[in-house]
Every structure is written in structure tokens, then in C-alpha cells.
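Presented below is the structure to which this report refers.
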Amino acid sequence: MTAAAPTLHTLVERLRRLEEMEIARNHLHRYAATLDNPTPEAVAALFTDDGILRTGRGTAVGRTSIADFYRRLLERDPSEKRHFITSPHTTWLAPGLVEIASYFLFTGRGTNRSVLGWGTYLDRIRIVDGTPLIAEKTIELHVGTDLHTGWPA
């Protein structure tokens with residue numbers, strides 16, 4: 001017994017889901033690249049107007065609050081950083097909504113110290129007319145340290 005061939009409608013819907021997943025995954029790359037040379041407003045512009053950012057430091061809702069979060073973060077640690085996103089697991093949730101669970105790591109260098117860290121992201125990306133924006137982002141930092149302190153168990 002052979003399975004029935006997929007209909008044109010089924011194939012078109014499958015293609016739309018795959019395209020939305022790829023658009024969302026590319027948006028995470030845009031987020032990492034923006035963090036490499038950040039301004040708080042540029043990072044916040046990657047979120048929806050009512051976007052939510054959850055971190056161990058609290059929750060920011062809306063672009064203004066998200067920009068303020070990144071402004072405080074950059075004031076505390078102005079070191080030059082590079083960000084890497086790895087092992088993305090992408091799930092299509094609904095038309096225009098994709099969830100991506102991934103790992104991240106960053107390296108940084110300041111005047112008198114080098115930093116590194118890693119953790120996980122959980123993102124929900126909204127896609128409207130082919131344009132992706134982060135609706136929700138949860139950042140769980142597992143390690144954030146400098147090379148002098150290290151990361152002993």
C-alpha cells in the first residue's frame with residue numbers, strides 16, 4: 001500500500017511553514033550581529049512594539065523598556081563583544097509565529113579584562129508580511145565571567 005501523494009495545497013502550506021521558520025532563524029542571526037555593535041534602540045527595534053524580554057534581571061515589556069534594559073547592560077559592561085547562536089531548534093507554532101530554542105555564547109574584551117559567557121535563548125518570532133520581529137525572548141545566562149575568575153564547578 002502506498003501513501004497518497006500530497007496535494008498542492010498541502011505542499012504550499014508546508015513551504016510557507018518552512019519559509020517562516022527560515023525567516024525566524026535568520027532574525028536570530030540579525031539579533032546576534034546587532035549585539036556585536038549595539039545601540040539600545042537598534043536592539044529594541046528587533047522586537048515587536050509590545051515585545052517581552054525575560055532575563056534573570058527581570059522582565060522588560062515594550063521597545064522603550066527593552067532599550068532601557070540594554071542601555072543599563074551596556075553601561076555596566078561596555079566591553080566589545082562577539083555573539084554566537086548555536087543548535088537552534090525551530091518549531092512552527094501557527095501562521096506567522098515560530099519558536100526557536102537555542103544556545104548562545106559570547107566573548108568580549110575590555111580595557112583590562114576579557115569576558116565570556118553562555119546560556120540559552122527561547123524566542124517567539126512573529127512574522128508579518130515577511131518581516132520578522134521578536135515577540136518574546138527569554139535569556140537564561142548559565143555562565144558570565146572574566147578569564148581571571150574563570151568558571152570553576
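Chain labels follow the order of the C-alpha cells: the first chain is A, the next B, and so on; residue numbering restarts at 1 in every chain, and ligands are counted from 1 in their shown order.
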Select from region 7-100 of chain A every residue with an atom at most 10 Å from any atom of region 139-149 of chain A, then for each give the shortest pair of atoms and their distance in Å to one decimal, using only C-alpha atoms, rows by chain and rising number, as JSON lines.
```
{"residue": "A:Leu53", "atom": "CA", "partner": "A:Ile139", "partner_atom": "CA", "distance": 7.8}
{"residue": "A:Arg54", "atom": "CA", "partner": "A:Ile139", "partner_atom": "CA", "distance": 6.2}
{"residue": "A:Thr55", "atom": "CA", "partner": "A:Ile139", "partner_atom": "CA", "distance": 5.0}
{"residue": "A:Gly56", "atom": "CA", "partner": "A:Glu140", "partner_atom": "CA", "distance": 6.8}
{"residue": "A:Arg57", "atom": "CA", "partner": "A:Ile139", "partner_atom": "CA", "distance": 9.8}
```
Those selected residues, please, written with N, CA, C and O atoms and delivered as a PDB file, in the first residue's frame.
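Written output follows (part_4.pdb):
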```pdb
ATOM      1  N   LEU A  53      10.904  40.816  26.986  1.00  0.00           N
ATOM      2  CA  LEU A  53      12.249  40.307  27.224  1.00  0.00           C
ATOM      3  C   LEU A  53      12.322  39.843  28.670  1.00  0.00           C
ATOM      4  O   LEU A  53      12.105  40.638  29.592  1.00  0.00           O
ATOM      5  N   ARG A  54      12.614  38.560  28.867  1.00  0.00           N
ATOM      6  CA  ARG A  54      12.747  37.996  30.212  1.00  0.00           C
ATOM      7  C   ARG A  54      14.197  37.584  30.437  1.00  0.00           C
ATOM      8  O   ARG A  54      14.766  36.868  29.614  1.00  0.00           O
ATOM      9  N   THR A  55      14.762  38.041  31.543  1.00  0.00           N
ATOM     10  CA  THR A  55      16.127  37.664  31.917  1.00  0.00           C
ATOM     11  C   THR A  55      16.179  37.448  33.426  1.00  0.00           C
ATOM     12  O   THR A  55      15.197  37.728  34.126  1.00  0.00           O
ATOM     13  N   GLY A  56      17.306  37.002  33.913  1.00  0.00           N
ATOM     14  CA  GLY A  56      17.493  36.855  35.353  1.00  0.00           C
ATOM     15  C   GLY A  56      17.454  38.195  36.082  1.00  0.00           C
ATOM     16  O   GLY A  56      17.306  38.243  37.299  1.00  0.00           O
ATOM     17  N   ARG A  57      17.551  39.282  35.352  1.00  0.00           N
ATOM     18  CA  ARG A  57      17.499  40.625  35.936  1.00  0.00           C
ATOM     19  C   ARG A  57      16.088  41.206  35.936  1.00  0.00           C
ATOM     20  O   ARG A  57      15.880  42.334  36.358  1.00  0.00           O
TER      21      ARG A  57
END
```
Q.
Just want the 12 Å neighbourhood of Asp77 (chain A), counted on only C-alpha atoms, with same-chain residues fewer than 2 positions away dropped. Output as a list in words.
A. Tyr70, Arg71, Arg72, Leu73, Leu74, Glu75, Ser79, Glu80, Lys81, Gly108, Arg109, Gly110, Thr111, Arg113, Ser114, Val115, Leu116, Gly144, Thr145 and Asp146 of chain A
Print the selection's residues with all heavy atoms to a file, as a compact mmCIF listing (two decimals), in the first residue's frame.
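Ended up saving to again_18.txt:
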```txt
# COMPACT_ATOMS: atom_id res chain seq x y z
N TYR A 70 18.86 47.26 27.72
CA TYR A 70 20.15 47.15 27.04
C TYR A 70 21.05 48.35 27.32
O TYR A 70 22.27 48.21 27.39
CB TYR A 70 19.95 46.92 25.54
CG TYR A 70 19.58 45.49 25.25
CD1 TYR A 70 18.27 45.12 25.02
CD2 TYR A 70 20.54 44.48 25.25
CE1 TYR A 70 17.92 43.79 24.79
CE2 TYR A 70 20.21 43.16 25.03
CZ TYR A 70 18.89 42.83 24.81
OH TYR A 70 18.56 41.51 24.60
N ARG A 71 20.48 49.51 27.52
CA ARG A 71 21.26 50.70 27.88
C ARG A 71 21.98 50.46 29.22
O ARG A 71 23.18 50.70 29.35
CB ARG A 71 20.36 51.93 27.96
CG ARG A 71 21.11 53.23 28.15
CD ARG A 71 20.20 54.44 28.02
NE ARG A 71 19.77 54.59 26.61
CZ ARG A 71 18.56 54.27 26.15
NH1 ARG A 71 17.62 53.84 26.95
NH2 ARG A 71 18.28 54.43 24.87
N ARG A 72 21.24 49.97 30.22
CA ARG A 72 21.85 49.68 31.53
C ARG A 72 22.92 48.60 31.41
O ARG A 72 23.99 48.69 32.01
CB ARG A 72 20.78 49.25 32.53
CG ARG A 72 19.88 50.37 33.00
CD ARG A 72 18.95 49.96 34.13
NE ARG A 72 18.14 48.78 33.83
CZ ARG A 72 16.95 48.82 33.23
NH1 ARG A 72 16.43 49.98 32.86
NH2 ARG A 72 16.29 47.70 32.99
N LEU A 73 22.64 47.58 30.60
CA LEU A 73 23.60 46.49 30.40
C LEU A 73 24.89 47.00 29.78
O LEU A 73 26.00 46.66 30.23
CB LEU A 73 22.96 45.42 29.52
CG LEU A 73 23.60 44.05 29.47
CD1 LEU A 73 23.55 43.39 30.83
CD2 LEU A 73 22.89 43.19 28.43
N LEU A 74 24.77 47.86 28.78
CA LEU A 74 25.96 48.41 28.12
C LEU A 74 26.73 49.37 29.02
O LEU A 74 27.96 49.45 28.93
CB LEU A 74 25.57 49.12 26.82
CG LEU A 74 25.07 48.20 25.71
CD1 LEU A 74 24.43 49.00 24.59
CD2 LEU A 74 26.21 47.34 25.19
N GLU A 75 26.04 50.08 29.88
CA GLU A 75 26.72 50.96 30.83
C GLU A 75 27.52 50.15 31.85
O GLU A 75 28.62 50.52 32.23
CB GLU A 75 25.72 51.86 31.54
CG GLU A 75 25.16 52.95 30.65
CD GLU A 75 23.98 53.69 31.27
OE1 GLU A 75 23.57 53.36 32.41
OE2 GLU A 75 23.45 54.61 30.61
N SER A 79 32.37 46.38 27.30
CA SER A 79 33.38 45.65 26.53
C SER A 79 32.87 45.30 25.14
O SER A 79 31.68 45.13 24.90
CB SER A 79 33.80 44.37 27.27
OG SER A 79 32.71 43.49 27.42
N GLU A 80 33.80 45.21 24.20
CA GLU A 80 33.49 44.82 22.82
C GLU A 80 33.22 43.32 22.81
O GLU A 80 34.03 42.53 23.29
CB GLU A 80 34.69 45.14 21.93
CG GLU A 80 34.54 44.69 20.51
CD GLU A 80 35.83 44.83 19.72
OE1 GLU A 80 36.76 45.49 20.20
OE2 GLU A 80 35.88 44.27 18.63
N LYS A 81 32.06 42.92 22.28
CA LYS A 81 31.68 41.51 22.34
C LYS A 81 31.38 40.94 20.95
O LYS A 81 31.09 41.67 20.02
CB LYS A 81 30.45 41.34 23.21
CG LYS A 81 30.70 41.62 24.67
CD LYS A 81 29.53 41.19 25.52
CE LYS A 81 29.76 41.51 26.97
NZ LYS A 81 29.91 42.92 27.23
N GLY A 108 34.20 38.63 24.94
CA GLY A 108 34.34 40.08 24.99
C GLY A 108 35.71 40.49 25.48
O GLY A 108 36.40 39.74 26.17
N ARG A 109 36.08 41.71 25.10
CA ARG A 109 37.35 42.25 25.58
C ARG A 109 37.13 43.71 25.93
O ARG A 109 36.50 44.48 25.21
CB ARG A 109 38.44 42.08 24.55
CG ARG A 109 38.20 42.85 23.28
CD ARG A 109 39.32 42.61 22.30
NE ARG A 109 39.04 43.38 21.10
CZ ARG A 109 39.87 43.55 20.14
NH1 ARG A 109 41.06 42.99 20.21
NH2 ARG A 109 39.55 44.26 19.09
N GLY A 110 37.65 44.04 27.09
CA GLY A 110 37.61 45.41 27.55
C GLY A 110 39.02 45.92 27.70
O GLY A 110 39.98 45.28 27.26
N THR A 111 39.18 47.05 28.35
CA THR A 111 40.50 47.65 28.52
C THR A 111 41.43 46.75 29.31
O THR A 111 42.57 46.53 28.92
CB THR A 111 40.35 49.01 29.25
OG1 THR A 111 39.44 49.81 28.51
CG2 THR A 111 41.69 49.71 29.32
N ARG A 113 40.34 43.51 30.78
CA ARG A 113 39.81 42.17 31.05
C ARG A 113 39.15 41.58 29.81
O ARG A 113 38.73 42.30 28.91
CB ARG A 113 38.84 42.19 32.22
CG ARG A 113 37.53 42.85 31.95
CD ARG A 113 36.66 42.92 33.20
NE ARG A 113 35.27 43.10 32.81
CZ ARG A 113 34.28 42.38 33.23
NH1 ARG A 113 34.49 41.43 34.10
NH2 ARG A 113 33.05 42.60 32.81
N SER A 114 39.08 40.26 29.81
CA SER A 114 38.37 39.52 28.78
C SER A 114 37.22 38.78 29.44
O SER A 114 37.37 38.26 30.55
CB SER A 114 39.30 38.52 28.10
OG SER A 114 40.33 39.21 27.42
N VAL A 115 36.08 38.72 28.76
CA VAL A 115 34.90 38.08 29.34
C VAL A 115 34.38 37.00 28.39
O VAL A 115 34.66 37.02 27.20
CB VAL A 115 33.77 39.10 29.63
CG1 VAL A 115 34.20 40.10 30.67
CG2 VAL A 115 33.30 39.78 28.36
N LEU A 116 33.65 36.06 28.96
CA LEU A 116 32.94 35.08 28.17
C LEU A 116 31.73 34.59 28.94
O LEU A 116 31.66 34.74 30.17
CB LEU A 116 33.84 33.92 27.75
CG LEU A 116 34.27 32.96 28.85
CD1 LEU A 116 34.14 31.55 28.32
CD2 LEU A 116 35.72 33.24 29.20
N GLY A 144 28.60 33.71 33.10
CA GLY A 144 29.08 35.00 32.64
C GLY A 144 30.24 35.38 33.54
O GLY A 144 30.04 35.59 34.74
N THR A 145 31.46 35.42 33.01
CA THR A 145 32.63 35.60 33.86
C THR A 145 33.75 36.27 33.07
O THR A 145 33.64 36.48 31.87
CB THR A 145 33.09 34.24 34.42
OG1 THR A 145 34.12 34.45 35.40
CG2 THR A 145 33.61 33.32 33.33
N ASP A 146 34.83 36.60 33.78
CA ASP A 146 36.03 37.05 33.08
C ASP A 146 37.06 35.93 33.14
O ASP A 146 36.91 34.96 33.88
CB ASP A 146 36.55 38.37 33.63
CG ASP A 146 36.94 38.30 35.08
OD1 ASP A 146 37.39 37.22 35.56
OD2 ASP A 146 36.82 39.32 35.77
```
Within 8 Å of region 6-24 of chain A, which residues of region 28-114 of chain A come that close, and what is the closest atom pair and distance in Å for each? Count only C-alpha atoms and give it as a tab-separated table.
```
residue	atom	partner	partner_atom	distance
A:Leu28	CA	A:Ala24	CA	6.7
A:Thr90	CA	A:Met21	CA	6.5
A:Thr91	CA	A:Met21	CA	7.3
A:Trp92	CA	A:Met21	CA	6.4
A:Pro95	CA	A:Arg17	CA	7.5
A:Gly96	CA	A:Glu20	CA	6.9
A:Leu97	CA	A:Glu20	CA	7.9
A:Val98	CA	A:Met21	CA	6.2
A:Ile100	CA	A:Ala24	CA	7.9
```
Q: Using DSSP on the backbone coordinates, identify all residues within region 37-153 of chain A classified as helix (DSSP H, G or I); present the result as a PyMOL selection string.
A: chain A and resi 40-44+63-76
Q) Which polymer residues have any atom within 7 Å of an atom of Thr48 (chain A), counting only C-alpha atoms, with same-chain residues fewer than 6 positions away left out, as a count of residues only? A) 3
Q | For CA of Ser87 (chain A) and CA of Ala101 (chain A), the interatomic separation in Å (one decimal) | A |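 The value is 8.1 Å.
Closest to Gly62 (chain A) among A:Ala44, A:Thr86, A:Arg76, A:Trp151 is A:Ala44, based on only C-alpha atoms.
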(Q) Just list as a PyMOL selection string whatever in region 4-54 of chain A DSSP marks as strand (DSSP E). (A) chain A and resi 47-54
Q | Residues near Arg63 (chain A), cut-off 8 Å, only C-alpha atoms, skip fewer than 6 positions along chain, as a list in words | A | Glu41, Ala44, Ala45, Phe47, Thr48, Asp49, Asp50 and Gly51 of chain A
Q | Among listed residues A:Ala153, A:Ile66, A:Ile85, A:Ile52, nearest Thr138 (chain A) (using only C-alpha atoms) | A | A:Ile52
